>>> print(open('work-v3.csv').read())   # CSV, C-alpha atoms
chain,number,residue,atom,x,y,z
A,168,MET,CA,79.8,242.7,-72.8
A,169,SER,CA,81.2,246.1,-73.1
A,170,GLN,CA,84.7,247.2,-72.4
A,171,ASN,CA,83.6,248.9,-69.2
A,172,GLU,CA,82.0,245.6,-67.9
A,173,ASP,CA,85.2,243.8,-68.8
A,174,LYS,CA,87.3,246.3,-66.8
A,175,ILE,CA,85.0,245.9,-63.7
A,176,PHE,CA,85.2,242.1,-64.1
A,177,MET,CA,89.0,242.1,-64.3
A,178,ARG,CA,89.2,244.5,-61.3
A,179,HIS,CA,87.0,242.1,-59.2
A,180,ILE,CA,89.1,239.1,-60.2
A,181,THR,CA,92.3,240.9,-59.4
A,182,ILE,CA,91.0,241.9,-56.0
A,183,ILE,CA,89.8,238.3,-55.2
A,184,MET,CA,93.2,236.9,-56.3
A,185,LEU,CA,95.1,239.4,-54.1
A,186,MET,CA,92.9,238.6,-51.1
A,187,LEU,CA,93.6,234.9,-51.6
A,188,VAL,CA,97.4,235.5,-51.8
A,189,VAL,CA,97.2,237.7,-48.6
A,190,PHE,CA,95.1,235.0,-46.9
A,191,THR,CA,97.7,232.3,-47.9
A,192,VAL,CA,100.6,234.3,-46.6
A,193,VAL,CA,98.7,235.0,-43.3
A,194,VAL,CA,98.0,231.2,-42.9
A,195,ILE,CA,101.7,230.3,-43.6
A,196,PHE,CA,103.0,232.8,-41.0
A,197,LEU,CA,100.3,231.8,-38.4
A,198,GLY,CA,101.2,228.1,-38.9
A,199,ALA,CA,104.9,228.8,-38.5
A,200,TYR,CA,104.3,230.9,-35.4
A,201,LEU,CA,102.1,228.2,-33.8
A,202,GLY,CA,104.5,225.5,-34.9
A,203,LYS,CA,107.3,227.1,-33.0
A,204,LYS,CA,105.1,227.9,-30.0
A,205,ASN,CA,103.9,224.3,-29.6
A,206,SER,CA,107.2,222.5,-30.3
A,207,PRO,CA,107.3,219.0,-28.8
A,208,ALA,CA,110.9,219.7,-27.8
A,209,ASP,CA,109.6,222.2,-25.2
A,210,ASN,CA,107.4,219.5,-23.6
A,211,PRO,CA,109.0,216.2,-22.7
A,212,SER,CA,105.7,214.3,-22.6
A,213,LYS,CA,104.9,215.5,-26.1
A,214,GLN,CA,108.4,214.6,-27.3
A,215,ALA,CA,108.0,211.1,-25.9
A,216,LEU,CA,104.6,210.7,-27.5
A,217,THR,CA,106.0,211.9,-30.8
A,218,GLU,CA,108.9,209.4,-30.6
A,219,ASN,CA,106.5,206.6,-29.6
A,220,ASN,CA,104.2,207.4,-32.5
A,221,LEU,CA,107.2,207.1,-34.9
A,222,GLN,CA,108.0,203.6,-33.8
A,223,SER,CA,107.1,200.7,-36.1
A,224,PRO,CA,103.9,199.0,-35.2
A,225,ALA,CA,105.6,195.7,-36.0
A,226,ALA,CA,108.6,196.2,-33.8
A,227,VAL,CA,110.0,193.0,-32.4
A,228,HIS,CA,112.0,193.1,-29.2
A,229,SER,CA,114.6,190.4,-28.2
A,230,GLY,CA,114.1,190.9,-24.5
A,231,ASN,CA,117.3,192.8,-24.0
A,232,GLU,CA,115.5,196.1,-23.9
A,233,ALA,CA,112.1,197.1,-22.6
A,234,PRO,CA,109.5,197.3,-25.4
A,235,VAL,CA,107.6,200.5,-26.0
A,236,ILE,CA,103.9,199.7,-26.3
A,237,SER,CA,101.7,202.6,-27.3
A,238,ALA,CA,98.4,200.8,-27.0
A,239,PRO,CA,97.3,197.6,-25.2
A,240,VAL,CA,98.4,194.8,-27.6
A,241,ALA,CA,98.4,191.1,-27.1
A,242,THR,CA,102.1,190.2,-27.4
A,243,THR,CA,104.1,187.1,-27.3
A,244,PRO,CA,107.0,187.2,-24.9
A,245,ILE,CA,110.2,187.2,-27.0
A,246,ALA,CA,112.9,186.3,-24.4
A,247,ASN,CA,113.1,182.7,-23.1
A,248,ALA,CA,112.4,182.4,-19.4
A,249,ASP,CA,115.7,180.8,-18.7
A,250,SER,CA,117.7,183.4,-20.7
A,251,ASP,CA,119.8,184.6,-17.7
A,252,THR,CA,121.0,181.0,-17.0
A,253,ASP,CA,122.0,180.6,-20.7
A,254,SER,CA,123.9,183.9,-20.6
A,255,ALA,CA,125.7,182.9,-17.3
A,256,ALA,CA,126.8,179.7,-19.0
A,257,GLY,CA,128.8,181.8,-21.5
A,258,GLU,CA,126.4,181.4,-24.5
A,259,SER,CA,126.0,184.2,-27.0
A,260,PRO,CA,123.2,186.8,-26.6
A,261,ALA,CA,121.6,185.2,-29.7
A,262,ALA,CA,120.6,182.2,-27.5
A,263,ASP,CA,118.3,184.6,-25.6
A,264,ILE,CA,116.2,185.3,-28.7
A,265,ASP,CA,113.0,183.4,-29.3
A,266,GLY,CA,112.9,182.7,-33.0
A,267,ALA,CA,109.3,181.4,-32.8
A,268,ALA,CA,108.0,184.7,-31.4
A,269,ILE,CA,109.9,186.7,-34.1
A,270,TYR,CA,108.5,184.3,-36.8
A,271,GLN,CA,104.9,184.9,-35.4
A,272,THR,CA,105.4,188.6,-35.3
A,273,ALA,CA,107.4,189.4,-38.5
A,274,CYS,CA,107.4,186.4,-40.8
A,275,LEU,CA,104.1,184.6,-40.5
A,276,ALA,CA,102.1,186.9,-42.7
A,277,CYS,CA,104.0,185.9,-45.9
A,278,HIS,CA,105.4,182.4,-45.0
A,279,SER,CA,102.0,181.0,-43.8
A,280,SER,CA,100.3,181.7,-47.1
A,281,GLY,CA,103.2,181.7,-49.5
A,282,VAL,CA,102.8,185.3,-50.6
A,283,ALA,CA,105.0,186.2,-53.6
A,284,GLY,CA,106.7,182.7,-53.5
A,285,ALA,CA,107.6,182.8,-49.8
A,286,PRO,CA,108.2,179.2,-48.8
A,287,LYS,CA,105.6,177.9,-46.4
A,288,LEU,CA,106.6,175.8,-43.4
A,289,VAL,CA,106.1,172.5,-45.3
A,290,ALA,CA,109.1,170.2,-46.2
A,291,SER,CA,108.3,170.3,-50.0
A,292,ASP,CA,108.8,174.1,-50.1
A,293,TRP,CA,112.2,173.7,-48.5
A,294,THR,CA,113.7,170.7,-50.3
A,295,ASN,CA,115.8,173.0,-52.6
A,296,ARG,CA,116.6,175.5,-49.9
A,297,LEU,CA,117.9,173.4,-47.1
A,298,PRO,CA,120.9,172.0,-49.0
A,299,GLN,CA,122.1,175.6,-49.4
A,300,GLY,CA,123.0,175.7,-45.7
A,301,GLU,CA,122.0,177.7,-42.7
A,302,ASP,CA,124.4,180.6,-43.4
A,303,THR,CA,123.1,181.1,-47.0
A,304,LEU,CA,119.4,181.0,-45.8
A,305,VAL,CA,120.2,183.5,-43.1
A,306,ASP,CA,122.1,185.7,-45.6
A,307,HIS,CA,119.0,185.6,-47.9
A,308,ALA,CA,116.7,186.6,-45.1
A,309,ILE,CA,119.0,189.5,-43.9
A,310,ASN,CA,119.7,190.9,-47.4
A,311,GLY,CA,116.6,189.9,-49.2
A,312,LEU,CA,116.1,187.6,-52.2
A,313,ASN,CA,113.7,187.8,-55.1
A,314,ALA,CA,110.4,189.3,-53.8
A,315,MET,CA,111.5,189.2,-50.2
A,316,PRO,CA,112.8,192.5,-49.0
A,317,PRO,CA,115.8,192.7,-46.6
A,318,LYS,CA,114.8,191.3,-43.2
A,319,GLY,CA,111.4,190.7,-44.6
A,320,GLY,CA,110.7,194.4,-44.5
A,321,GLN,CA,111.2,194.5,-40.7
A,322,MET,CA,114.4,196.6,-40.7
A,323,GLN,CA,114.2,197.1,-36.9
A,324,LEU,CA,115.2,193.4,-36.5
A,325,SER,CA,118.9,192.7,-35.7
A,326,ASP,CA,120.8,190.1,-37.7
A,327,ALA,CA,120.7,187.8,-34.7
A,328,GLU,CA,116.9,188.1,-34.5
A,329,VAL,CA,116.6,187.3,-38.2
A,330,ARG,CA,118.9,184.3,-37.7
A,331,ALA,CA,116.8,183.1,-34.8
A,332,ALA,CA,113.6,183.3,-36.9
A,333,VAL,CA,115.3,181.4,-39.8
A,334,LEU,CA,116.5,178.7,-37.5
A,335,HIS,CA,113.0,178.3,-36.1
A,336,MET,CA,111.7,178.0,-39.6
A,337,ILE,CA,114.3,175.4,-40.5
A,338,SER,CA,113.5,173.4,-37.4
A,339,GLN,CA,109.8,173.3,-38.4
A,340,VAL,CA,110.5,171.7,-41.8
A,341,GLN,CA,113.3,169.2,-40.9
>>> encode(input="work-v3.csv", output="C-alpha cells")
Amino acid sequence: MSQNEDKIFMRHITIIMLMLVVFTVVVIFLGAYLGKKNSPADNPSKQALTENNLQSPAAVHSGNEAPVISAPVATTPIANADSDTDSAAGESPAADIDGAAIYQTACLACHSSGVAGAPKLVASDWTNRLPQGEDTLVDHAINGLNAMPPKGGQMQLSDAEVRAAVLHMISQVQ
C-alpha cells in the first residue's frame, strides 16, 4: 500500500469512529430524556407495578398484613383460623404465625433433602441439636450457621416467623 492509500484508510477509520461516538452520545441523551419522560413516579399504577416486581418471590406473610401477589400462585394460608381468639386471650402475636406454612415456603427446599448439611426432619439428624435448646436453635436459624445463611436466605422473615418455623421443625422430630 502506498502512503496515499494509508491516509485514505486512516481518514475513513477516523470518520467511522467519530460517527460511532456521536451515535453513542445521541443514544445516551435519548435514553435519559425518555427515562425522565416515562418515570414510574409520574404514574401511580406504574409505581405500584415496579414496587410489586421488586418484591421477593419467596415472601412469607404472617397473616398480620395483606400479601401482595403479582401472579396467581397456589399458596398455603399462613395465619391460623383461630388467631383472633388467641390474640384476645392475651397471647403474643407470635402465636398467630403458622410455622408449618413458613417451613413449607421457606425451609423445605434445603431441610427436606439435607442440602449442604441441613438437618432433615428425622430424629437422627437432630440428636446433637435438640440438647442445645430452643433458643440456641432459633438463634442459629436467625443469624445463620455454617452453610445456612441468616434466616435461611429469606431476609423478609421476621424473627418471630423464623422462631415459629424452628418450633415446627422441632415438633416434627421429637
>>> residues_near_point(input="work-v3.csv", point="(113.9, 184.5, -46.2)", cutoff="8 Å", atoms="all atoms listed in the file", output="compact mmCIF listing (two decimals) with C-alpha atoms, in the frame of the given file")
# COMPACT_ATOMS: atom_id res chain seq x y z
CA ALA A 285 107.60 182.80 -49.80
CA LEU A 304 119.40 181.00 -45.80
CA VAL A 305 120.20 183.50 -43.10
CA HIS A 307 119.00 185.60 -47.90
CA ALA A 308 116.70 186.60 -45.10
CA ILE A 309 119.00 189.50 -43.90
CA GLY A 311 116.60 189.90 -49.20
CA LEU A 312 116.10 187.60 -52.20
CA MET A 315 111.50 189.20 -50.20
CA LYS A 318 114.80 191.30 -43.20
CA GLY A 319 111.40 190.70 -44.60
CA VAL A 333 115.30 181.40 -39.80
>>> atom_distance(input="work-v3.csv", atom1="CA of Ala314 in chain A", atom2="CA of Ala283 in chain A")
6.2 Å
>>> closest_residue(input="work-v3.csv", among="A:Ile269, A:Ala276, A:Val282, A:Val188", to="Ala332 in chain A", atoms="all atoms listed in the file")
A:Ile269
>>> atom_distance(input="work-v3.csv", atom1="CA of Pro317 in chain A", atom2="CA of Leu334 in chain A")
16.7 Å
>>> atom_distance(input="work-v3.csv", atom1="CA of Ile264 in chain A", atom2="CA of Pro298 in chain A")
24.7 Å
>>> closest_residue(input="work-v3.csv", among="A:Met322, A:Leu201, A:Val289, A:Met336", to="Gly266 in chain A", atoms="only C-alpha atoms")
A:Met336
>>> closest_residue(input="work-v3.csv", among="A:Cys277, A:Val329, A:Leu288, A:Ile180", to="Asp265 in chain A", atoms="all atoms listed in the file")
A:Val329
